[in-house]
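Asker: Here you go, protein-v3.cif (mmCIF, C-alpha atoms):
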```
data_protein
loop_
_atom_site.label_atom_id
_atom_site.label_comp_id
_atom_site.auth_asym_id
_atom_site.auth_seq_id
_atom_site.Cartn_x
_atom_site.Cartn_y
_atom_site.Cartn_z
CA MET W 172 -6.29 16.43 -5.46
CA THR W 173 -6.15 20.01 -4.25
CA GLN W 174 -2.97 22.06 -4.53
CA ASP W 175 -2.23 21.55 -0.83
CA ALA W 176 -1.46 18.02 0.31
CA PHE W 177 -3.35 16.88 3.38
CA GLN W 178 -4.06 13.96 5.64
CA ILE W 179 -7.40 12.65 6.81
CA ILE W 180 -7.59 11.75 10.51
CA ALA W 181 -10.26 9.64 12.21
CA ARG W 182 -10.53 9.06 15.96
CA GLY W 183 -12.74 6.71 17.92
CA PRO W 184 -12.98 3.45 19.88
CA ARG W 185 -10.64 0.63 18.89
CA ASN W 186 -13.31 -1.74 17.55
CA ILE W 187 -14.77 0.94 15.29
CA ALA W 188 -11.35 2.13 14.10
CA GLU W 189 -10.27 -1.42 13.29
CA THR W 190 -13.51 -2.08 11.40
CA ALA W 191 -12.93 1.10 9.41
CA ALA W 192 -9.36 -0.01 8.65
CA VAL W 193 -10.66 -3.28 7.23
CA ALA W 194 -13.10 -1.30 5.09
CA ILE W 195 -10.20 0.79 3.75
CA ASP W 196 -8.33 -2.41 2.86
CA GLU W 197 -11.34 -3.78 1.00
CA HIS W 198 -12.21 -0.62 -0.95
CA PRO W 199 -11.09 -0.94 -4.61
CA LEU W 200 -10.10 2.74 -4.88
CA LEU W 201 -7.97 2.66 -1.72
CA GLU W 202 -5.66 -0.24 -2.47
CA GLY W 203 -2.59 2.00 -2.70
CA VAL W 204 -3.39 4.47 0.07
CA THR W 205 -0.85 4.84 2.87
CA TYR W 206 -2.41 4.90 6.32
CA SER W 207 -1.70 3.89 9.89
CA ILE W 208 -3.81 2.84 12.85
CA LEU W 209 -2.61 3.09 16.44
CA GLU W 210 -3.72 3.85 19.97
CA GLU W 211 -3.58 7.60 20.64
CA ASP W 212 -4.91 7.77 24.21
CA GLU W 213 -4.88 4.61 26.32
CA ASP W 214 -6.69 6.18 29.27
CA ARG W 215 -9.59 7.34 27.10
CA GLU W 216 -9.35 4.27 24.82
CA ILE W 217 -9.09 6.43 21.72
CA TRP W 218 -7.60 4.99 18.52
CA ARG W 219 -6.52 7.01 15.51
CA ILE W 220 -6.33 6.45 11.76
CA ASP W 221 -4.03 8.70 9.72
CA ALA W 222 -4.57 8.43 5.96
CA PHE W 223 -2.65 10.18 3.18
CA PRO W 224 -4.64 10.37 -0.07
CA THR W 225 -2.79 11.35 -3.24
CA THR W 226 -5.81 11.98 -5.49
CA ALA W 227 -9.20 13.62 -5.09
CA GLU W 228 -10.85 10.24 -5.74
CA GLU W 229 -8.91 8.65 -2.86
CA ALA W 230 -9.79 11.54 -0.56
CA ASP W 231 -13.50 11.25 -1.37
CA ALA W 232 -13.44 7.48 -0.93
CA LEU W 233 -11.68 7.79 2.43
CA ARG W 234 -14.23 10.30 3.68
CA ASP W 235 -17.05 8.02 2.55
CA VAL W 236 -15.55 4.96 4.26
CA LEU W 237 -14.70 6.71 7.51
CA GLY W 238 -17.96 8.64 7.58
CA ALA W 239 -19.93 5.40 7.33
CA HIS W 240 -18.62 4.28 10.74
CA GLU W 241 -20.63 5.94 13.46
CA GLY W 242 -18.44 6.74 16.43
CA LEU W 243 -15.48 8.01 14.41
CA THR W 244 -14.68 11.71 14.38
CA THR W 245 -13.02 12.67 11.09
CA SER W 246 -10.95 15.76 10.32
CA THR W 247 -8.60 17.00 7.61
CA GLU W 248 -5.23 18.69 8.14
CA VAL W 249 -3.17 20.43 5.48
CA LEU W 250 0.41 19.20 5.42
CA ALA W 251 3.52 21.32 5.16
CA ASP W 252 5.29 21.49 1.82
CA ALA W 253 6.88 18.16 0.94
CA ASP W 254 6.89 15.53 -1.77
CA TRP W 255 3.87 13.75 -0.36
CA LEU W 256 3.33 11.64 -3.46
CA ALA W 257 6.81 10.17 -3.03
CA MET W 258 6.13 9.64 0.68
CA ALA W 259 2.89 7.84 -0.05
CA LEU W 260 4.57 5.64 -2.64
CA SER W 261 7.47 4.75 -0.38
CA GLY W 262 5.35 4.33 2.73
CA LEU W 263 7.70 5.77 5.34
CA PRO W 264 11.36 6.80 5.24
CA PRO W 265 13.91 4.10 6.12
CA VAL W 266 15.00 3.62 9.71
CA ARG W 267 18.32 2.45 11.16
CA ALA W 268 18.17 0.72 14.55
CA GLY W 269 21.52 -0.74 15.47
CA ARG W 270 22.45 -3.34 12.87
CA PHE W 271 18.93 -3.28 11.42
CA PHE W 272 17.83 -1.16 8.44
CA ILE W 273 14.08 -1.09 7.82
CA TYR W 274 12.82 0.19 4.49
CA GLY W 275 9.88 0.12 2.09
CA ALA W 276 9.81 -0.98 -1.54
CA HIS W 277 10.78 2.39 -2.99
CA ASP W 278 13.84 2.72 -0.76
CA ARG W 279 15.41 -0.63 -1.59
CA GLY W 280 18.31 1.14 -3.31
CA LEU W 281 19.28 2.77 -0.02
CA ALA W 282 19.85 -0.50 1.86
CA PRO W 283 23.46 -0.52 3.16
CA VAL W 284 25.64 -3.57 2.65
CA ASN W 285 26.75 -3.62 6.29
CA ALA W 286 23.27 -3.92 7.81
CA VAL W 287 20.60 -6.54 8.37
CA ASN W 288 18.16 -5.18 5.80
CA LEU W 289 14.46 -5.70 6.42
CA ARG W 290 11.92 -4.74 3.77
CA ILE W 291 8.69 -4.08 5.67
CA GLU W 292 5.46 -3.07 3.95
CA ALA W 293 2.98 -1.74 6.49
CA GLY W 294 -0.47 -2.02 4.94
CA ALA W 295 -2.92 -1.73 7.83
CA ALA W 296 -0.62 -3.30 10.38
CA PHE W 297 1.23 -1.56 13.20
CA GLY W 298 4.96 -1.85 13.74
CA THR W 299 6.98 -0.76 10.71
CA GLY W 300 10.05 0.12 12.74
CA HIS W 301 9.26 3.84 12.78
CA HIS W 302 7.40 3.94 16.08
CA GLY W 303 9.49 4.51 19.21
CA THR W 304 8.39 1.19 20.71
CA THR W 305 9.46 -0.90 17.71
CA VAL W 306 12.76 0.94 17.43
CA GLY W 307 13.28 0.36 21.14
CA CYS W 308 12.75 -3.38 20.70
CA LEU W 309 15.20 -3.53 17.81
CA LEU W 310 17.84 -1.55 19.69
CA ALA W 311 17.43 -3.78 22.74
CA TYR W 312 17.66 -6.88 20.56
CA ASP W 313 20.73 -5.53 18.77
CA ALA W 314 22.48 -5.08 22.12
CA LEU W 315 21.58 -8.62 23.22
CA LEU W 316 22.92 -10.07 19.97
CA LYS W 317 26.37 -8.72 20.82
CA GLN W 318 26.45 -11.25 23.66
CA ARG W 319 24.59 -14.30 22.32
CA ARG W 320 22.12 -15.73 19.82
CA PHE W 321 18.58 -16.96 20.52
CA ALA W 322 17.48 -20.28 19.08
CA ARG W 323 13.75 -19.90 19.79
CA VAL W 324 12.02 -16.52 19.54
CA LEU W 325 8.36 -15.61 20.05
CA ASP W 326 6.87 -12.28 18.97
CA VAL W 327 3.58 -11.52 20.75
CA GLY W 328 1.57 -8.89 18.89
CA ALA W 329 3.65 -9.13 15.73
CA GLY W 330 2.02 -6.29 13.75
CA THR W 331 3.97 -6.23 10.48
CA GLY W 332 6.20 -9.08 11.69
CA VAL W 333 9.37 -6.97 11.82
CA LEU W 334 10.64 -8.36 15.15
CA ALA W 335 10.17 -12.04 14.34
CA ILE W 336 11.64 -11.43 10.89
CA ALA W 337 14.62 -9.67 12.47
CA ALA W 338 15.15 -12.73 14.66
CA ALA W 339 14.96 -15.11 11.71
CA LYS W 340 17.41 -12.98 9.72
CA THR W 341 19.94 -13.03 12.57
CA GLY W 342 20.09 -16.78 12.91
CA SER W 343 17.13 -17.89 15.05
CA PRO W 344 15.97 -21.24 13.61
CA VAL W 345 12.58 -20.81 15.30
CA ALA W 346 10.81 -17.44 14.99
CA VAL W 347 7.08 -17.44 15.68
CA GLY W 348 4.77 -14.41 15.71
CA THR W 349 1.18 -14.03 16.88
CA ASP W 350 -1.40 -11.29 16.51
CA ILE W 351 -5.07 -10.90 17.38
CA ASP W 352 -5.60 -8.98 14.12
CA ARG W 353 -6.04 -11.18 11.03
CA PRO W 354 -4.81 -8.54 8.53
CA SER W 355 -1.64 -8.19 10.59
CA VAL W 356 -1.00 -11.93 10.32
CA ARG W 357 -1.45 -11.77 6.55
CA ILE W 358 0.87 -8.77 6.23
CA SER W 359 3.47 -10.41 8.50
CA ARG W 360 3.49 -13.51 6.32
CA GLU W 361 3.89 -11.39 3.20
CA ASN W 362 6.80 -9.51 4.77
CA ALA W 363 8.46 -12.77 5.79
CA SER W 364 8.23 -13.92 2.19
CA LEU W 365 9.65 -10.62 0.90
CA ASN W 366 12.63 -11.05 3.22
CA GLN W 367 13.05 -14.79 2.61
CA ALA W 368 12.81 -15.20 6.37
CA LYS W 369 11.78 -18.44 8.02
CA ALA W 370 9.34 -16.81 10.41
CA ARG W 371 5.84 -18.20 10.99
CA PHE W 372 2.81 -16.17 12.02
CA VAL W 373 -0.52 -17.25 13.47
CA HIS W 374 -3.76 -15.57 14.44
CA ALA W 375 -4.12 -16.00 18.19
CA SER W 376 -5.27 -14.27 21.33
CA GLY W 377 -2.81 -15.04 24.10
CA LEU W 378 -0.15 -17.74 23.95
CA GLY W 379 -2.31 -20.84 23.73
CA HIS W 380 -2.04 -21.54 19.99
CA ARG W 381 -0.71 -25.02 19.26
CA LEU W 382 2.19 -23.66 17.14
CA VAL W 383 3.25 -21.38 19.99
CA ARG W 384 3.09 -24.25 22.49
CA ALA W 385 4.90 -26.64 20.15
CA HIS W 386 8.10 -24.55 20.12
CA ALA W 387 8.14 -23.57 23.79
CA PRO W 388 10.10 -22.89 25.90
CA TYR W 389 11.54 -19.82 24.16
CA ASP W 390 14.89 -18.17 24.68
CA LEU W 391 13.48 -14.73 23.86
CA VAL W 392 9.97 -13.26 23.84
CA PHE W 393 9.11 -9.93 22.24
CA ALA W 394 5.87 -8.34 23.44
CA ASN W 395 5.38 -4.96 21.83
CA ILE W 396 1.72 -4.45 22.70
CA LEU W 397 0.15 -2.20 25.37
CA ALA W 398 0.58 -1.83 29.11
CA ALA W 399 -2.68 -3.52 30.15
CA PRO W 400 -2.20 -6.70 28.08
CA LEU W 401 1.47 -6.83 29.11
CA VAL W 402 0.34 -7.04 32.72
CA MET W 403 -2.38 -9.56 31.89
CA LEU W 404 0.06 -11.80 29.99
CA ALA W 405 2.84 -11.72 32.61
CA GLN W 406 2.24 -15.28 33.81
CA ASP W 407 1.78 -16.64 30.28
CA ILE W 408 5.01 -15.01 29.10
CA LYS W 409 6.83 -16.47 32.07
CA GLY W 410 5.45 -19.89 31.18
CA ALA W 411 6.57 -19.51 27.56
CA LEU W 412 10.15 -18.65 28.53
CA ARG W 413 12.80 -21.07 29.64
CA PRO W 414 14.43 -20.32 33.01
CA GLY W 415 16.97 -17.59 32.38
CA GLY W 416 15.16 -16.56 29.20
CA THR W 417 14.79 -12.93 28.18
CA ALA W 418 11.72 -10.83 27.40
CA ILE W 419 11.66 -7.48 25.60
CA LEU W 420 8.51 -5.59 26.58
CA SER W 421 7.33 -2.43 24.86
CA GLY W 422 4.26 -0.51 23.75
CA LEU W 423 4.13 1.36 27.05
CA LEU W 424 4.53 4.97 28.03
CA ARG W 425 7.26 5.90 30.50
CA SER W 426 4.58 6.53 33.11
CA GLN W 427 3.33 2.94 32.71
CA ALA W 428 6.69 1.20 33.06
CA ARG W 429 6.60 0.90 36.86
CA ARG W 430 3.24 -0.91 36.85
CA VAL W 431 4.32 -3.32 34.11
CA LEU W 432 7.68 -4.02 35.72
CA ALA W 433 6.02 -4.71 39.08
CA ALA W 434 3.82 -7.38 37.48
CA TYR W 435 6.88 -9.20 36.15
CA ARG W 436 9.07 -8.75 39.22
CA SER W 437 6.36 -10.39 41.29
CA ARG W 438 6.82 -13.44 39.04
CA GLY W 439 10.57 -13.65 39.47
CA PHE W 440 11.80 -11.49 36.59
CA VAL W 441 14.71 -9.10 37.01
CA LEU W 442 15.26 -5.89 35.07
CA VAL W 443 18.24 -6.03 32.71
CA ARG W 444 17.87 -2.75 30.85
CA ARG W 445 15.43 0.07 30.30
CA LEU W 446 15.45 2.10 27.06
CA ASN W 447 13.53 5.36 26.67
CA ARG W 448 12.69 6.80 23.27
CA ASP W 449 10.42 9.82 22.98
CA ALA W 450 7.51 9.17 25.38
CA TRP W 451 7.95 5.40 25.20
CA THR W 452 9.82 2.82 27.26
CA THR W 453 11.21 -0.60 26.38
CA LEU W 454 12.03 -3.03 29.18
CA VAL W 455 14.52 -5.88 28.88
CA ILE W 456 13.86 -8.42 31.64
CA ARG W 457 15.14 -11.90 32.47
CA ARG W 458 13.25 -14.79 33.98
CA GLY W 459 14.75 -16.02 37.23
#
```
What's the structure tokens form of this structure?

Answerer:
Amino acid sequence: MTQDAFQIIARGPRNIAETAAVAIDEHPLLEGVTYSILEEDEDREIWRIDAFPTTAEEADALRDVLGAHEGLTTSTEVLADADWLAMALSGLPPVRAGRFFIYGAHDRGLAPVNAVNLRIEAGAAFGTGHHGTTVGCLLAYDALLKQRRFARVLDVGAGTGVLAIAAAKTGSPVAVGTDIDRPSVRISRENASLNQAKARFVHASGLGHRLVRAHAPYDLVFANILAAPLVMLAQDIKGALRPGGTAILSGLLRSQARRVLAAYRSRGFVLVRRLNRDAWTTLVIRRG
């Protein structure tokens, strides 16, 4: 490792970025590397990998893996002074969102006694609780819990499983999560086990999986995905919810909220609350 800590960034189409992320997971020298993958520019369909090597060997292996995927543009940025080894070991700093406290393995000693503590290990999956959209979902859910509990909860696009796990830890007897990404399903299941949460996760595209159908209709549906699939799934989410049921929609920029909300209003949903965090919006809506 050089004296200056740095991150390696790769940008490209989603399918290539996701393939590269799988290759990082499978590389024997990169088992402990902290990295994230997320959509950087929806309009241009650009996805981004941020990786934080802590040794020269990890840095070389990352460059080899990313460089082997044609279509990715890779760059290196020197990071400001910080304890980057500790950051890499702990994943990301803990986050408080209402009653929820989300932390990684190396921050377990910081978990407060008066919170619903969720240990979430990210791996290659999106949704640790640090992104504005996930925090927005948790804050919206925290506010709803002050009024009632939800017996059946569905998390569409579960990522690390944090939202379904949060539901299970706050008394939902049924908490089901789905994701189109197989590594995310594996990581969600591992996180559920770490938290002793009775949440189940399945690999599925859409809401047609037999486990999802078996527990419908739901009292609450989380969908922290992207604007385009939120619009596409509007009718399916309505069908999964009981009349009067609530949906928490996120993963959309503020500029995209009007289009998403219009798709749901046309199907009888009403807006309950809108939360803005950074450039992101979370919508709480209720089925009529």

Asker: At a cut-off of 12 Å, using only C-alpha atoms, what residues contact Ala363 of chain W? Leave out same-chain residues fewer than 2 positions from it and give the result as number ranges by chain.

Answerer: W: 289-292, 329, 331-340, 346-348, 356-361, 365-372

Asker: May I have the residues at most 12 Å from (-5.8, -9.8, 15.9) in the file's coordinates, counting only C-alpha atoms, as a ChimeraX atom specification?

Answerer: /W:185-186,189-190,193,295-297,327-331,348-359,372-377,396

Asker: Would you put the residues from that selection into a file with C-alpha atoms, as an mmCIF file, keeping the file's coordinate frame?

Answerer:
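Listed below is the output, again07.cif:
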```cif
data_model
loop_
_atom_site.group_PDB
_atom_site.id
_atom_site.type_symbol
_atom_site.label_atom_id
_atom_site.label_comp_id
_atom_site.auth_asym_id
_atom_site.auth_seq_id
_atom_site.Cartn_x
_atom_site.Cartn_y
_atom_site.Cartn_z
ATOM 1 C CA ARG W 185 -10.640 0.630 18.890
ATOM 2 C CA ASN W 186 -13.310 -1.740 17.550
ATOM 3 C CA GLU W 189 -10.270 -1.420 13.290
ATOM 4 C CA THR W 190 -13.510 -2.080 11.400
ATOM 5 C CA VAL W 193 -10.660 -3.280 7.230
ATOM 6 C CA ALA W 295 -2.920 -1.730 7.830
ATOM 7 C CA ALA W 296 -0.620 -3.300 10.380
ATOM 8 C CA PHE W 297 1.230 -1.560 13.200
ATOM 9 C CA VAL W 327 3.580 -11.520 20.750
ATOM 10 C CA GLY W 328 1.570 -8.890 18.890
ATOM 11 C CA ALA W 329 3.650 -9.130 15.730
ATOM 12 C CA GLY W 330 2.020 -6.290 13.750
ATOM 13 C CA THR W 331 3.970 -6.230 10.480
ATOM 14 C CA GLY W 348 4.770 -14.410 15.710
ATOM 15 C CA THR W 349 1.180 -14.030 16.880
ATOM 16 C CA ASP W 350 -1.400 -11.290 16.510
ATOM 17 C CA ILE W 351 -5.070 -10.900 17.380
ATOM 18 C CA ASP W 352 -5.600 -8.980 14.120
ATOM 19 C CA ARG W 353 -6.040 -11.180 11.030
ATOM 20 C CA PRO W 354 -4.810 -8.540 8.530
ATOM 21 C CA SER W 355 -1.640 -8.190 10.590
ATOM 22 C CA VAL W 356 -1.000 -11.930 10.320
ATOM 23 C CA ARG W 357 -1.450 -11.770 6.550
ATOM 24 C CA ILE W 358 0.870 -8.770 6.230
ATOM 25 C CA SER W 359 3.470 -10.410 8.500
ATOM 26 C CA PHE W 372 2.810 -16.170 12.020
ATOM 27 C CA VAL W 373 -0.520 -17.250 13.470
ATOM 28 C CA HIS W 374 -3.760 -15.570 14.440
ATOM 29 C CA ALA W 375 -4.120 -16.000 18.190
ATOM 30 C CA SER W 376 -5.270 -14.270 21.330
ATOM 31 C CA GLY W 377 -2.810 -15.040 24.100
ATOM 32 C CA ILE W 396 1.720 -4.450 22.700
#
```

Asker: Expressed in Å to a single decimal, how great is the separation between atom CA of Ile456 of chain W and atom CA of Ile208 of chain W?

Answerer: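 So the answer is 28.1 Å.
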
Asker: I'd like the neighbourhood of segment 432-436 of chain W as a CSV table (one decimal) with C-alpha atoms, in the frame of the given file, where a residue qualifies if any of its atoms comes within 6 Å (using all atoms listed in the file), though same-chain residues fewer than 3 positions away should be ignored.

Answerer:
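Ended up saving to selection-v6.csv:
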```csv
chain,number,residue,atom,x,y,z
W,402,VAL,CA,0.3,-7.0,32.7
W,405,ALA,CA,2.8,-11.7,32.6
W,428,ALA,CA,6.7,1.2,33.1
W,429,ARG,CA,6.6,0.9,36.9
W,439,GLY,CA,10.6,-13.6,39.5
W,440,PHE,CA,11.8,-11.5,36.6
```

Asker: Any chance you could resolve the PyMOL selection byres ((chain W and resi 398) around 9) against this file and give the residues as a VMD selection string?

Answerer: chain W and resid 213 396 to 397 399 to 403 421 to 424 427 to 428 430 to 431

Asker: Please report the interatomic distance between atom CA of Ala450 of chain W and atom CA of Gly307 of chain W in Å with one decimal.

Answerer: 11.4 Å

Asker: To test your reading of the syntax: which residues would the PyMOL selection byres ((chain W and resi 229) around 12) return for the file shown? Reply as a ChimeraX atom specification.

Answerer: /W:172-173,177-179,195,198-206,222-228,230-236
